Amino acid sequence: MSSTLVVQLVISGILLGGIYALSSIGLTLIFGVMKIVNFAHGEFLMLAMYVSFWLFHWAHLDPYLSMLISVPLFFIIGILTYKVFIKKTIGAPILSQIFVTVGLSIIIENLALLFWSADFRTVSLSYLSRPIILGPFSGLGLEEIIVNKARLIAFILGISLSIAFYLFMRFSYLGKVIRATSQDRTTALLMGINIDRVYTISFAMGILLVGIAGALMIPIYTVHPFVGFEFVLIMFVVVVLGGMGSIVGAVVAGLFIGVVEVFSGFFIGPESKQAVYFLVFIAVLVLKPSGLFGEKGEEELERIEAIGE
Amino acid sequence: MLEVRNVSKWFGGNPVLKDISFEIHKGEIVGLIGPNGAGKTTLFNVISGFYRPKTGDIFFQGENISRLTPEDICRRGLCRTFQITKPFSNLTVFKNVVIGALSREKGIREAENKAEEILELVEMTPKRDLLGRSLTIADRKRLEVARALATSPDLLLLDEVMAGLNPNELKEMIALVKKLSQRGITLFVIEHIMTVIMGISHRIIALDHGEQICVGSPCDVAEDPKVLEAYLGEDYVAP
Amino acid sequence: MSSGGKRDGIILLAGMAVFALLPLFVKNDFYLDGFILIFVWGAFAGAWNIISGYGGMVSLGHNAFFGIGAYTSTLLFLRQGVSPWIGMWAGAAIASALGIVLGVICFRLRSHYFALATLAFGQVASIIALNWRGLTEGAEGLTLPIRPGFAKMIFATKLGYVYMGLGLLVAVLLITYLIDNSKLGYYLVAFRENEDAARALGVRTGRVRLAAMAISSALSALIGSFYAQYLLYIDPSSVIRIQIAVQVALFAIVGGVGTVFGPFVGALIFIPITIFLRARLGTALPGLHMVIYGGILILVLFYMPKGIYGMLRERFFPSSRIFK
């Protein structure tokens, strides 16, 4: 195996991982704060891709600019989803917690099928069509390295936003409030934090992040009603590997899974690459269910008492 | 009947039980006292198998049980109740008790008969069809005892079954504990209400900060300066 | 109590008579297919209910067990000439063994994590079925030659399938009823309600859940084998894709989990809706029936958490020994 190939695969993997990282942060945030797995997260990503697609198709709006519309739109969608569906599942039996979002994913996916059909739709931007070619770096013994522009943009924006979001959670007042609530809800409540508002904002931010991810992904991937399911499975792997609730974990695991996917896709074949990261997934659940950066015991604690009791 | 030998337990870097050793004899009522955070419930968790001790061993009727699971310990005749009551919320009181009885009884029918008997004994028969989650604190505590009793224990660990009861309920619970003792069940009891625990116990073990500071008859323990210090602070101890 | 028991017995017998006799008078194959689907999905949802409803371990990977049953009996027949009557038990044994392995690995995980682990398990099974072409022919699928014969479990008329499906459903209901009235059932429920309390009372929660998983996965595989014999053509999308796991859970939840008859009631509600919509709309509005499924699921979770059967039972048969 030539060193050029290795470098090429690692770069492709990391670029891919940046997208996974950004789309998974919302999922891990929602789980971390309200201990709910949003099984519909992939469908929100799919919706976001469609929004950018239609804005491009009907209004010729550049997908990167469509973020200006997606961000407030998905924030509002997030708030509404929380108020109408998610709020009722807080403290509810596990069956409701899982299947309300499963039901939501079924509805969104099939509404998309109903309205927009199963057609595969793509956005191709002329200014992105030609890849960047780096090298050759004869000093390092490397030949030319090809970098896809759309992926590079998605990676740079994705990672910058991830870092910005991390800093926001770490240093802003709101971020601290959210973290306090996710660590100990009861104490946060006693300190006068409005839990319901924290949940609303956290959920809405989780959806907003996936709204951004959708805009970054539409120049790269085709969108169809079932695309969300494909991505949500990867997001679960990333979030569990990184540790549910950990933003840093989601970023690191996202990059890692990106590289794993590119390598296994190259060496084992594109059809079976999914199997590889699912095996990683099961191995993590078996060996270290709290993930790389998760709080130990989280996977075994989860005993949230109902508010009413 | 129960022998705890040099047991210690750590949470992370903090010792919560330090070198605890004592014995409980058949037929006794032994009280376990100590201020909040002394390690009383942790000791119960270690004895009943929910935690593994870091060092030391626990013998129950001659057998080392310190590495057994809670379910196997229960099946050997050592059962415990929970301070924070854990009823099966969506099941009736009766079914809660039947589940306890199944650990010893062959079939459902036998367990149901046993459960009827136990409910009669703890005077909860009128409440047999109520759901676990709809019970008052007093009834939850009573259900904890009933369920544990249904496993036919030789040694019963009661974790603050009298906390939060009104004076009337308290009197009933004390009567129940005495009744259990008369039926030959050995009892190991955590309790905060001093007059109660001093009144019913044959012997008392006092813990403070994970250390066993005193073992003896209620009178001895009540006058032990270390116990007074643990509860009241050293200023109150007469020189 | 005894007169109530008699009433319940009569209702049960009448209900069984309807399902046993009605198909004899139905001449339209389209509706007979409906009966078969109700029985298959009712039985499958019942199998899911044993571990996920009674035991509270929510599985999103039961498509794997169903598919293993379908593929095992079909492949044994096609490649080795083994009768599906025997092959289905081989499938059950494999599914059951895998179920136990999955349980040993994943039972220490709680709720959401267990659901995610089973989802991954189901997805791996479906990827294998799709890509191990040497074994499964991948997306092209496997076709059973249509030469009816009892030994081959291929029936000349739909009625054969109707009654075999009914037999499977009755078997699942009976097994669930027996579990509900046994130590296993009480212990599963105790675990689901509160693990610590169950363990303190001597319930061996690990062993109990493994038993439930073994039964649940074996039954799912048996039903999968039968479904393959009914379709006579199987591919990953018809017997092992992940949507099957979601659908079986959905039927059971809407009917009522942790009850004997709830999952069957779920199938009884959903299959006619599907058939009606397919008959009325054909392929005109793809996805509409799934939107309705999802909507009903959420409404039931919010307003009837015990499911439709669970609610009816509480209203009409609160202490019935038959309608559990």
# chains A, B, ... in the order shown; residues from 1 in each chain; ligands from 1
$ residues_around --residues "Ile253 of chain C" --least-positions-apart "4" --cutoff "10 Å" --atoms "only C-alpha atoms" --output "VMD selection string"
(chain A and resid 95 to 96 99) or (chain C and resid 45 49 52 to 53 247 to 249 257 to 258 262 to 263 265 to 266 297 300 to 301 304 to 310)
$ residues_around --residues "segment 163-165 of chain B" --least-positions-apart "6" --cutoff "8 Å" --atoms "only C-alpha atoms" --output "MDAnalysis selection string"
chainID B and resid 137:138 191:193
$ select_by_dssp --residues "segment 2-230 of chain A" --states "alpha helix (DSSP H)" --output "PyMOL selection string"
chain A and resi 3-34+41-59+63-84+94-116+149-171+173-183+185-190+195-217+227-230
$ interface_residues --of "chain C" --to "chain A" --cutoff "9 Å" --atoms "only C-alpha atoms" --output "JSON, numbers by chain"
{"C": [56, 58, 105, 106, 108, 109, 110, 111, 112, 113, 114, 115, 116, 117, 119, 120, 121, 123, 124, 125, 127, 128, 130, 131, 246, 249, 250, 253, 285, 286, 287, 288, 289, 290, 291, 292, 293, 294, 295, 296, 297, 298, 299, 301, 302, 305]}
$ write_last_selection --atoms "N, CA and C atoms" --output "tab-separated table (two decimals), in the first residue's frame"
chain	number	residue	atom	x	y	z
C	56	GLY	N	-39.47	-5.81	29.59
C	56	GLY	CA	-39.08	-4.40	29.55
C	56	GLY	C	-37.76	-4.14	28.85
C	58	VAL	N	-36.37	-3.38	25.64
C	58	VAL	CA	-36.93	-3.00	24.35
C	58	VAL	C	-35.97	-3.37	23.22
C	105	ILE	N	-24.30	-10.44	26.29
C	105	ILE	CA	-23.47	-9.26	26.03
C	105	ILE	C	-24.18	-7.98	26.48
C	106	CYS	N	-25.46	-7.88	26.20
C	106	CYS	CA	-26.13	-6.56	26.29
C	106	CYS	C	-27.08	-6.38	27.47
C	108	ARG	N	-26.57	-6.07	30.51
C	108	ARG	CA	-26.16	-5.16	31.56
C	108	ARG	C	-26.38	-3.69	31.13
C	109	LEU	N	-26.66	-3.51	29.85
C	109	LEU	CA	-26.96	-2.15	29.38
C	109	LEU	C	-28.38	-1.80	29.76
C	110	ARG	N	-28.58	-0.53	30.04
C	110	ARG	CA	-29.92	-0.12	30.39
C	110	ARG	C	-30.66	0.47	29.20
C	111	SER	N	-31.95	0.32	29.25
C	111	SER	CA	-32.94	0.91	28.36
C	111	SER	C	-32.43	1.38	27.01
C	112	HIS	N	-32.10	2.66	26.89
C	112	HIS	CA	-31.77	3.22	25.57
C	112	HIS	C	-30.58	2.51	24.95
C	113	TYR	N	-29.60	2.19	25.79
C	113	TYR	CA	-28.40	1.56	25.26
C	113	TYR	C	-28.72	0.17	24.73
C	114	PHE	N	-29.59	-0.54	25.43
C	114	PHE	CA	-29.97	-1.86	24.96
C	114	PHE	C	-30.70	-1.75	23.63
C	115	ALA	N	-31.61	-0.79	23.53
C	115	ALA	CA	-32.35	-0.60	22.28
C	115	ALA	C	-31.37	-0.30	21.13
C	116	LEU	N	-30.38	0.55	21.39
C	116	LEU	CA	-29.42	0.88	20.34
C	116	LEU	C	-28.58	-0.34	19.97
C	117	ALA	N	-28.18	-1.13	20.97
C	117	ALA	CA	-27.36	-2.31	20.68
C	117	ALA	C	-28.14	-3.30	19.83
C	119	LEU	N	-30.59	-2.55	17.86
C	119	LEU	CA	-30.73	-1.94	16.53
C	119	LEU	C	-29.50	-2.25	15.68
C	120	ALA	N	-28.31	-2.12	16.28
C	120	ALA	CA	-27.08	-2.43	15.56
C	120	ALA	C	-27.04	-3.90	15.18
C	121	PHE	N	-27.46	-4.76	16.09
C	121	PHE	CA	-27.49	-6.20	15.83
C	121	PHE	C	-28.40	-6.50	14.63
C	123	GLN	N	-29.32	-4.48	12.32
C	123	GLN	CA	-28.78	-3.89	11.10
C	123	GLN	C	-27.64	-4.73	10.54
C	124	VAL	N	-26.78	-5.26	11.43
C	124	VAL	CA	-25.69	-6.13	10.96
C	124	VAL	C	-26.28	-7.37	10.28
C	125	ALA	N	-27.33	-7.94	10.89
C	125	ALA	CA	-27.96	-9.12	10.28
C	125	ALA	C	-28.46	-8.79	8.89
C	127	ILE	N	-27.40	-6.39	6.88
C	127	ILE	CA	-26.26	-6.15	5.97
C	127	ILE	C	-25.66	-7.49	5.51
C	128	ILE	N	-25.57	-8.42	6.45
C	128	ILE	CA	-25.03	-9.73	6.09
C	128	ILE	C	-25.93	-10.40	5.04
C	130	LEU	N	-27.78	-9.05	2.92
C	130	LEU	CA	-27.70	-8.34	1.65
C	130	LEU	C	-26.38	-8.61	0.93
C	131	ASN	N	-25.31	-8.79	1.69
C	131	ASN	CA	-23.99	-8.83	1.06
C	131	ASN	C	-23.32	-10.19	1.01
C	246	VAL	N	-39.15	-2.43	13.68
C	246	VAL	CA	-39.92	-1.28	14.16
C	246	VAL	C	-41.40	-1.59	14.08
C	249	ALA	N	-42.71	-3.96	16.83
C	249	ALA	CA	-42.81	-3.26	18.10
C	249	ALA	C	-44.03	-2.35	18.11
C	250	LEU	N	-44.23	-1.69	17.00
C	250	LEU	CA	-45.35	-0.75	16.87
C	250	LEU	C	-46.70	-1.47	17.07
C	253	ILE	N	-47.07	-2.40	20.78
C	253	ILE	CA	-47.29	-1.25	21.66
C	253	ILE	C	-48.71	-0.73	21.52
C	285	LEU	N	-50.51	6.96	-3.18
C	285	LEU	CA	-49.92	7.81	-2.14
C	285	LEU	C	-48.93	7.00	-1.30
C	286	PRO	N	-47.73	6.82	-1.81
C	286	PRO	CA	-46.77	5.97	-1.09
C	286	PRO	C	-46.45	6.59	0.27
C	287	GLY	N	-46.35	5.77	1.26
C	287	GLY	CA	-45.96	6.28	2.57
C	287	GLY	C	-47.13	6.70	3.44
C	288	LEU	N	-48.32	6.87	2.85
C	288	LEU	CA	-49.45	7.36	3.65
C	288	LEU	C	-49.77	6.40	4.80
C	289	HIS	N	-49.75	5.08	4.51
C	289	HIS	CA	-50.09	4.16	5.59
C	289	HIS	C	-49.06	4.23	6.72
C	290	MET	N	-47.80	4.49	6.37
C	290	MET	CA	-46.78	4.61	7.42
C	290	MET	C	-46.99	5.88	8.25
C	291	VAL	N	-47.41	6.96	7.60
C	291	VAL	CA	-47.71	8.19	8.35
C	291	VAL	C	-48.81	7.91	9.37
C	292	ILE	N	-49.82	7.16	8.91
C	292	ILE	CA	-50.92	6.81	9.82
C	292	ILE	C	-50.41	5.92	10.95
C	293	TYR	N	-49.59	4.93	10.61
C	293	TYR	CA	-48.99	4.07	11.65
C	293	TYR	C	-48.31	4.93	12.72
C	294	GLY	N	-47.43	5.82	12.24
C	294	GLY	CA	-46.66	6.63	13.18
C	294	GLY	C	-47.56	7.50	14.04
C	295	GLY	N	-48.60	8.07	13.41
C	295	GLY	CA	-49.53	8.91	14.15
C	295	GLY	C	-50.26	8.13	15.22
C	296	ILE	N	-50.74	6.94	14.85
C	296	ILE	CA	-51.45	6.12	15.84
C	296	ILE	C	-50.50	5.75	16.99
C	297	LEU	N	-49.27	5.40	16.63
C	297	LEU	CA	-48.29	5.02	17.66
C	297	LEU	C	-48.13	6.14	18.69
C	298	ILE	N	-47.93	7.36	18.20
C	298	ILE	CA	-47.70	8.46	19.13
C	298	ILE	C	-48.95	8.75	19.95
C	299	LEU	N	-50.10	8.74	19.30
C	299	LEU	CA	-51.34	9.00	20.04
C	299	LEU	C	-51.55	7.96	21.14
C	301	LEU	N	-49.25	6.15	22.63
C	301	LEU	CA	-48.25	6.34	23.69
C	301	LEU	C	-48.65	7.48	24.63
C	302	PHE	N	-49.22	8.53	24.05
C	302	PHE	CA	-49.59	9.69	24.88
C	302	PHE	C	-50.87	9.45	25.67
C	305	PRO	N	-51.35	4.65	27.33
C	305	PRO	CA	-50.03	3.99	27.47
C	305	PRO	C	-50.14	2.48	27.67
$ residues_around --residues "segment 73-90 of chain B" --least-positions-apart "6" --cutoff "7 Å" --atoms "only C-alpha atoms" --output "ChimeraX atom specification"
/B:48-49,65,96,103,131-133,140-141,144-145,148,152-161 /C:190,193-194,197,200-202
$ write_last_selection --atoms "N, CA and C atoms" --output "PDB file, in the first residue's frame"
ATOM      1  N   SER B  48     -26.044  -7.387  51.913  1.00  0.00           N
ATOM      2  CA  SER B  48     -27.070  -8.015  51.074  1.00  0.00           C
ATOM      3  C   SER B  48     -26.579  -8.275  49.656  1.00  0.00           C
ATOM      4  N   GLY B  49     -25.309  -7.970  49.371  1.00  0.00           N
ATOM      5  CA  GLY B  49     -24.742  -8.369  48.087  1.00  0.00           C
ATOM      6  C   GLY B  49     -24.815  -7.330  46.986  1.00  0.00           C
ATOM      7  N   ILE B  65     -20.630 -15.328  52.273  1.00  0.00           N
ATOM      8  CA  ILE B  65     -21.548 -14.794  51.258  1.00  0.00           C
ATOM      9  C   ILE B  65     -21.028 -13.505  50.636  1.00  0.00           C
ATOM     10  N   ASN B  96     -47.090  -7.788  44.483  1.00  0.00           N
ATOM     11  CA  ASN B  96     -45.785  -7.445  45.042  1.00  0.00           C
ATOM     12  C   ASN B  96     -45.334  -8.526  46.019  1.00  0.00           C
ATOM     13  N   SER B 103     -39.739 -16.871  45.763  1.00  0.00           N
ATOM     14  CA  SER B 103     -38.356 -17.319  45.898  1.00  0.00           C
ATOM     15  C   SER B 103     -38.268 -18.604  46.707  1.00  0.00           C
ATOM     16  N   LEU B 131     -52.530  -0.411  43.796  1.00  0.00           N
ATOM     17  CA  LEU B 131     -51.277  -0.457  43.049  1.00  0.00           C
ATOM     18  C   LEU B 131     -50.139   0.079  43.904  1.00  0.00           C
ATOM     19  N   GLY B 132     -48.959  -0.456  43.668  1.00  0.00           N
ATOM     20  CA  GLY B 132     -47.788  -0.054  44.439  1.00  0.00           C
ATOM     21  C   GLY B 132     -47.578   1.443  44.459  1.00  0.00           C
ATOM     22  N   ARG B 133     -47.822   2.089  43.325  1.00  0.00           N
ATOM     23  CA  ARG B 133     -47.503   3.515  43.247  1.00  0.00           C
ATOM     24  C   ARG B 133     -48.531   4.386  43.970  1.00  0.00           C
ATOM     25  N   ARG B 140     -46.070   2.034  51.994  1.00  0.00           N
ATOM     26  CA  ARG B 140     -44.909   1.594  51.211  1.00  0.00           C
ATOM     27  C   ARG B 140     -43.887   0.899  52.093  1.00  0.00           C
ATOM     28  N   LYS B 141     -43.659   1.495  53.263  1.00  0.00           N
ATOM     29  CA  LYS B 141     -42.698   0.900  54.198  1.00  0.00           C
ATOM     30  C   LYS B 141     -43.193  -0.476  54.617  1.00  0.00           C
ATOM     31  N   GLU B 144     -42.683  -2.940  51.905  1.00  0.00           N
ATOM     32  CA  GLU B 144     -41.278  -3.386  51.872  1.00  0.00           C
ATOM     33  C   GLU B 144     -41.084  -4.557  52.834  1.00  0.00           C
ATOM     34  N   VAL B 145     -41.603  -4.392  54.057  1.00  0.00           N
ATOM     35  CA  VAL B 145     -41.454  -5.435  55.063  1.00  0.00           C
ATOM     36  C   VAL B 145     -42.200  -6.695  54.634  1.00  0.00           C
ATOM     37  N   ALA B 148     -40.366  -8.598  51.862  1.00  0.00           N
ATOM     38  CA  ALA B 148     -39.162  -9.246  52.361  1.00  0.00           C
ATOM     39  C   ALA B 148     -39.537 -10.455  53.216  1.00  0.00           C
ATOM     40  N   SER B 152     -39.425 -15.644  53.374  1.00  0.00           N
ATOM     41  CA  SER B 152     -39.114 -16.493  54.539  1.00  0.00           C
ATOM     42  C   SER B 152     -37.681 -16.322  55.024  1.00  0.00           C
ATOM     43  N   PRO B 153     -37.319 -15.109  55.389  1.00  0.00           N
ATOM     44  CA  PRO B 153     -35.925 -14.899  55.795  1.00  0.00           C
ATOM     45  C   PRO B 153     -35.662 -15.399  57.216  1.00  0.00           C
ATOM     46  N   ASP B 154     -34.409 -15.807  57.448  1.00  0.00           N
ATOM     47  CA  ASP B 154     -33.992 -16.090  58.821  1.00  0.00           C
ATOM     48  C   ASP B 154     -33.442 -14.814  59.439  1.00  0.00           C
ATOM     49  N   LEU B 155     -32.823 -13.993  58.586  1.00  0.00           N
ATOM     50  CA  LEU B 155     -32.308 -12.699  59.034  1.00  0.00           C
ATOM     51  C   LEU B 155     -32.895 -11.627  58.134  1.00  0.00           C
ATOM     52  N   LEU B 156     -33.483 -10.609  58.748  1.00  0.00           N
ATOM     53  CA  LEU B 156     -34.117  -9.552  57.972  1.00  0.00           C
ATOM     54  C   LEU B 156     -33.427  -8.233  58.283  1.00  0.00           C
ATOM     55  N   LEU B 157     -33.010  -7.529  57.209  1.00  0.00           N
ATOM     56  CA  LEU B 157     -32.357  -6.229  57.379  1.00  0.00           C
ATOM     57  C   LEU B 157     -33.395  -5.144  57.096  1.00  0.00           C
ATOM     58  N   LEU B 158     -33.719  -4.348  58.097  1.00  0.00           N
ATOM     59  CA  LEU B 158     -34.735  -3.313  57.924  1.00  0.00           C
ATOM     60  C   LEU B 158     -34.057  -1.943  57.872  1.00  0.00           C
ATOM     61  N   ASP B 159     -34.195  -1.254  56.733  1.00  0.00           N
ATOM     62  CA  ASP B 159     -33.508   0.019  56.552  1.00  0.00           C
ATOM     63  C   ASP B 159     -34.497   1.176  56.760  1.00  0.00           C
ATOM     64  N   GLU B 160     -34.494   1.736  57.930  1.00  0.00           N
ATOM     65  CA  GLU B 160     -35.345   2.885  58.271  1.00  0.00           C
ATOM     66  C   GLU B 160     -36.810   2.681  57.900  1.00  0.00           C
ATOM     67  N   VAL B 161     -37.372   1.591  58.358  1.00  0.00           N
ATOM     68  CA  VAL B 161     -38.783   1.361  58.042  1.00  0.00           C
ATOM     69  C   VAL B 161     -39.699   2.245  58.880  1.00  0.00           C
TER      70      VAL B 161
ATOM     71  N   ALA C 190     -41.315  -8.322  37.571  1.00  0.00           N
ATOM     72  CA  ALA C 190     -40.615  -7.755  38.733  1.00  0.00           C
ATOM     73  C   ALA C 190     -39.354  -7.034  38.278  1.00  0.00           C
ATOM     74  N   GLU C 193     -40.282  -3.757  36.568  1.00  0.00           N
ATOM     75  CA  GLU C 193     -40.772  -2.716  37.466  1.00  0.00           C
ATOM     76  C   GLU C 193     -39.656  -2.119  38.320  1.00  0.00           C
ATOM     77  N   ASN C 194     -38.768  -2.960  38.831  1.00  0.00           N
ATOM     78  CA  ASN C 194     -37.669  -2.435  39.638  1.00  0.00           C
ATOM     79  C   ASN C 194     -36.609  -3.502  39.834  1.00  0.00           C
ATOM     80  N   ALA C 197     -35.202  -4.077  43.573  1.00  0.00           N
ATOM     81  CA  ALA C 197     -36.164  -4.741  44.447  1.00  0.00           C
ATOM     82  C   ALA C 197     -36.292  -6.206  44.056  1.00  0.00           C
ATOM     83  N   ALA C 200     -33.308  -8.119  45.327  1.00  0.00           N
ATOM     84  CA  ALA C 200     -33.351  -8.270  46.782  1.00  0.00           C
ATOM     85  C   ALA C 200     -34.337  -9.356  47.189  1.00  0.00           C
ATOM     86  N   LEU C 201     -35.329  -9.612  46.341  1.00  0.00           N
ATOM     87  CA  LEU C 201     -36.328 -10.631  46.658  1.00  0.00           C
ATOM     88  C   LEU C 201     -35.973 -11.979  46.045  1.00  0.00           C
ATOM     89  N   GLY C 202     -34.736 -12.123  45.593  1.00  0.00           N
ATOM     90  CA  GLY C 202     -34.294 -13.431  45.124  1.00  0.00           C
ATOM     91  C   GLY C 202     -34.550 -13.714  43.656  1.00  0.00           C
TER      92      GLY C 202
END
$ interface_residues --of "chain C" --to "chain B" --cutoff "12 Å" --atoms "only C-alpha atoms" --output "ChimeraX atom specification"
/C:178-208,258,306,318-319
$ write_last_selection --atoms "C-alpha atoms" --output "short mmCIF file (atom, residue, chain, number, x, y, z; two decimals), in the first residue's frame"
data_model
loop_
_atom_site.label_atom_id
_atom_site.label_comp_id
_atom_site.auth_asym_id
_atom_site.auth_seq_id
_atom_site.Cartn_x
_atom_site.Cartn_y
_atom_site.Cartn_z
CA LEU C 178 -48.45 -19.80 30.44
CA ILE C 179 -45.57 -17.38 31.00
CA ASP C 180 -47.96 -14.80 32.41
CA ASN C 181 -49.09 -17.39 34.97
CA SER C 182 -45.68 -18.76 35.82
CA LYS C 183 -42.71 -17.78 37.93
CA LEU C 184 -40.97 -16.64 34.74
CA GLY C 185 -43.72 -14.13 34.02
CA TYR C 186 -43.84 -12.79 37.57
CA TYR C 187 -40.07 -12.48 37.63
CA LEU C 188 -39.90 -10.71 34.26
CA VAL C 189 -42.45 -8.18 35.43
CA ALA C 190 -40.62 -7.76 38.73
CA PHE C 191 -37.41 -7.02 36.86
CA ARG C 192 -39.18 -4.55 34.57
CA GLU C 193 -40.77 -2.72 37.47
CA ASN C 194 -37.67 -2.44 39.64
CA GLU C 195 -34.47 -4.36 39.19
CA ASP C 196 -33.00 -3.73 42.65
CA ALA C 197 -36.16 -4.74 44.45
CA ALA C 198 -36.45 -7.86 42.30
CA ARG C 199 -32.91 -8.92 43.08
CA ALA C 200 -33.35 -8.27 46.78
CA LEU C 201 -36.33 -10.63 46.66
CA GLY C 202 -34.29 -13.43 45.12
CA VAL C 203 -35.16 -12.92 41.45
CA ARG C 204 -32.28 -14.06 39.25
CA THR C 205 -32.86 -11.27 36.78
CA GLY C 206 -30.13 -12.28 34.33
CA ARG C 207 -31.28 -15.86 33.96
CA VAL C 208 -34.93 -14.88 33.74
CA GLY C 258 -47.05 -6.89 28.75
CA LYS C 306 -51.41 0.53 28.20
CA PRO C 318 -60.25 -5.93 35.25
CA SER C 319 -59.63 -9.16 37.15
#
$ closest_residue --among "B:Leu68, B:Thr136, B:Val30, B:Val4" --to "chain A" --atoms "only C-alpha atoms"
B:Thr136
$ closest_residue --among "B:Asn168, B:Ser66, B:Thr125, B:Ser134" --to "chain A" --atoms "only C-alpha atoms"
B:Ser134
$ select_by_dssp --residues "segment 20-120 of chain B" --states "strand (DSSP E or B)" --output "JSON list (two decimals) with C-alpha atoms, in the first residue's frame"
[["chain", "number", "residue", "atom", "x", "y", "z"],
["B", 20, "ILE", "CA", -16.08, -3.35, 60.38],
["B", 21, "SER", "CA", -16.41, -6.53, 62.45],
["B", 22, "PHE", "CA", -19.34, -7.78, 64.48],
["B", 23, "GLU", "CA", -21.64, -10.73, 64.96],
["B", 24, "ILE", "CA", -25.39, -11.12, 65.12],
["B", 29, "ILE", "CA", -32.72, -7.61, 67.38],
["B", 30, "VAL", "CA", -29.61, -5.58, 66.63],
["B", 31, "GLY", "CA", -29.82, -1.85, 66.00],
["B", 32, "LEU", "CA", -27.49, 0.03, 63.67],
["B", 33, "ILE", "CA", -27.16, 3.72, 64.46],
["B", 55, "THR", "CA", -11.64, -6.32, 51.96],
["B", 56, "GLY", "CA", -13.02, -8.67, 54.55],
["B", 57, "ASP", "CA", -15.65, -11.39, 54.53],
["B", 58, "ILE", "CA", -19.24, -11.88, 55.56],
["B", 59, "PHE", "CA", -20.46, -15.22, 56.87],
["B", 60, "PHE", "CA", -24.13, -16.13, 57.03],
["B", 63, "GLU", "CA", -21.15, -19.74, 54.67],
["B", 64, "ASN", "CA", -19.05, -16.95, 53.16],
["B", 78, "LEU", "CA", -31.10, -13.10, 54.26],
["B", 79, "CYS", "CA", -33.42, -10.41, 52.96],
["B", 80, "ARG", "CA", -33.38, -6.62, 53.14],
["B", 92, "THR", "CA", -50.98, -4.62, 43.17]]
$ residues_around --residues "Val238 of chain A" --least-positions-apart "5" --cutoff "6 Å" --atoms "only C-alpha atoms" --output "ChimeraX atom specification"
/A:250,253-254
$ residues_around --residues "Ile200 of chain B" --least-positions-apart "5" --cutoff "12 Å" --atoms "only C-alpha atoms" --output "VMD selection string"
chain B and resid 28 to 32 171 173 to 181 187 to 191 193 to 195 217 to 218
$ residues_around --residues "segment 35-38 of chain B" --least-positions-apart "2" --cutoff "6 Å" --atoms "only C-alpha atoms" --output "PyMOL selection string"
chain B and resi 40+207-210
$ write_last_selection --atoms "N, CA and C atoms" --output "CSV table (one decimal), in the first residue's frame"
chain,number,residue,atom,x,y,z
B,40,LYS,N,-24.3,3.5,57.1
B,40,LYS,CA,-25.3,2.4,57.6
B,40,LYS,C,-25.9,1.7,56.4
B,207,LEU,N,-22.0,3.5,64.1
B,207,LEU,CA,-21.1,3.8,63.1
B,207,LEU,C,-20.9,5.3,63.0
B,208,ASP,N,-19.7,5.8,62.7
B,208,ASP,CA,-19.5,7.2,62.4
B,208,ASP,C,-18.4,7.3,61.4
B,209,HIS,N,-18.6,8.0,60.3
B,209,HIS,CA,-17.6,8.2,59.2
B,209,HIS,C,-17.1,6.8,58.8
B,210,GLY,N,-17.9,5.8,58.7
B,210,GLY,CA,-17.5,4.5,58.2
B,210,GLY,C,-16.8,3.7,59.3
$ residues_around --residues "segment 224-233 of chain C" --least-positions-apart "3" --cutoff "7 Å" --atoms "only C-alpha atoms" --output "number ranges by chain"
C: 66-67, 69-70, 73, 88, 141-144, 153-154, 161, 220-221
$ atom_distance --atom1 "atom CA of Leu255 of chain A" --atom2 "atom CA of Ile77 of chain A"
28.1 Å
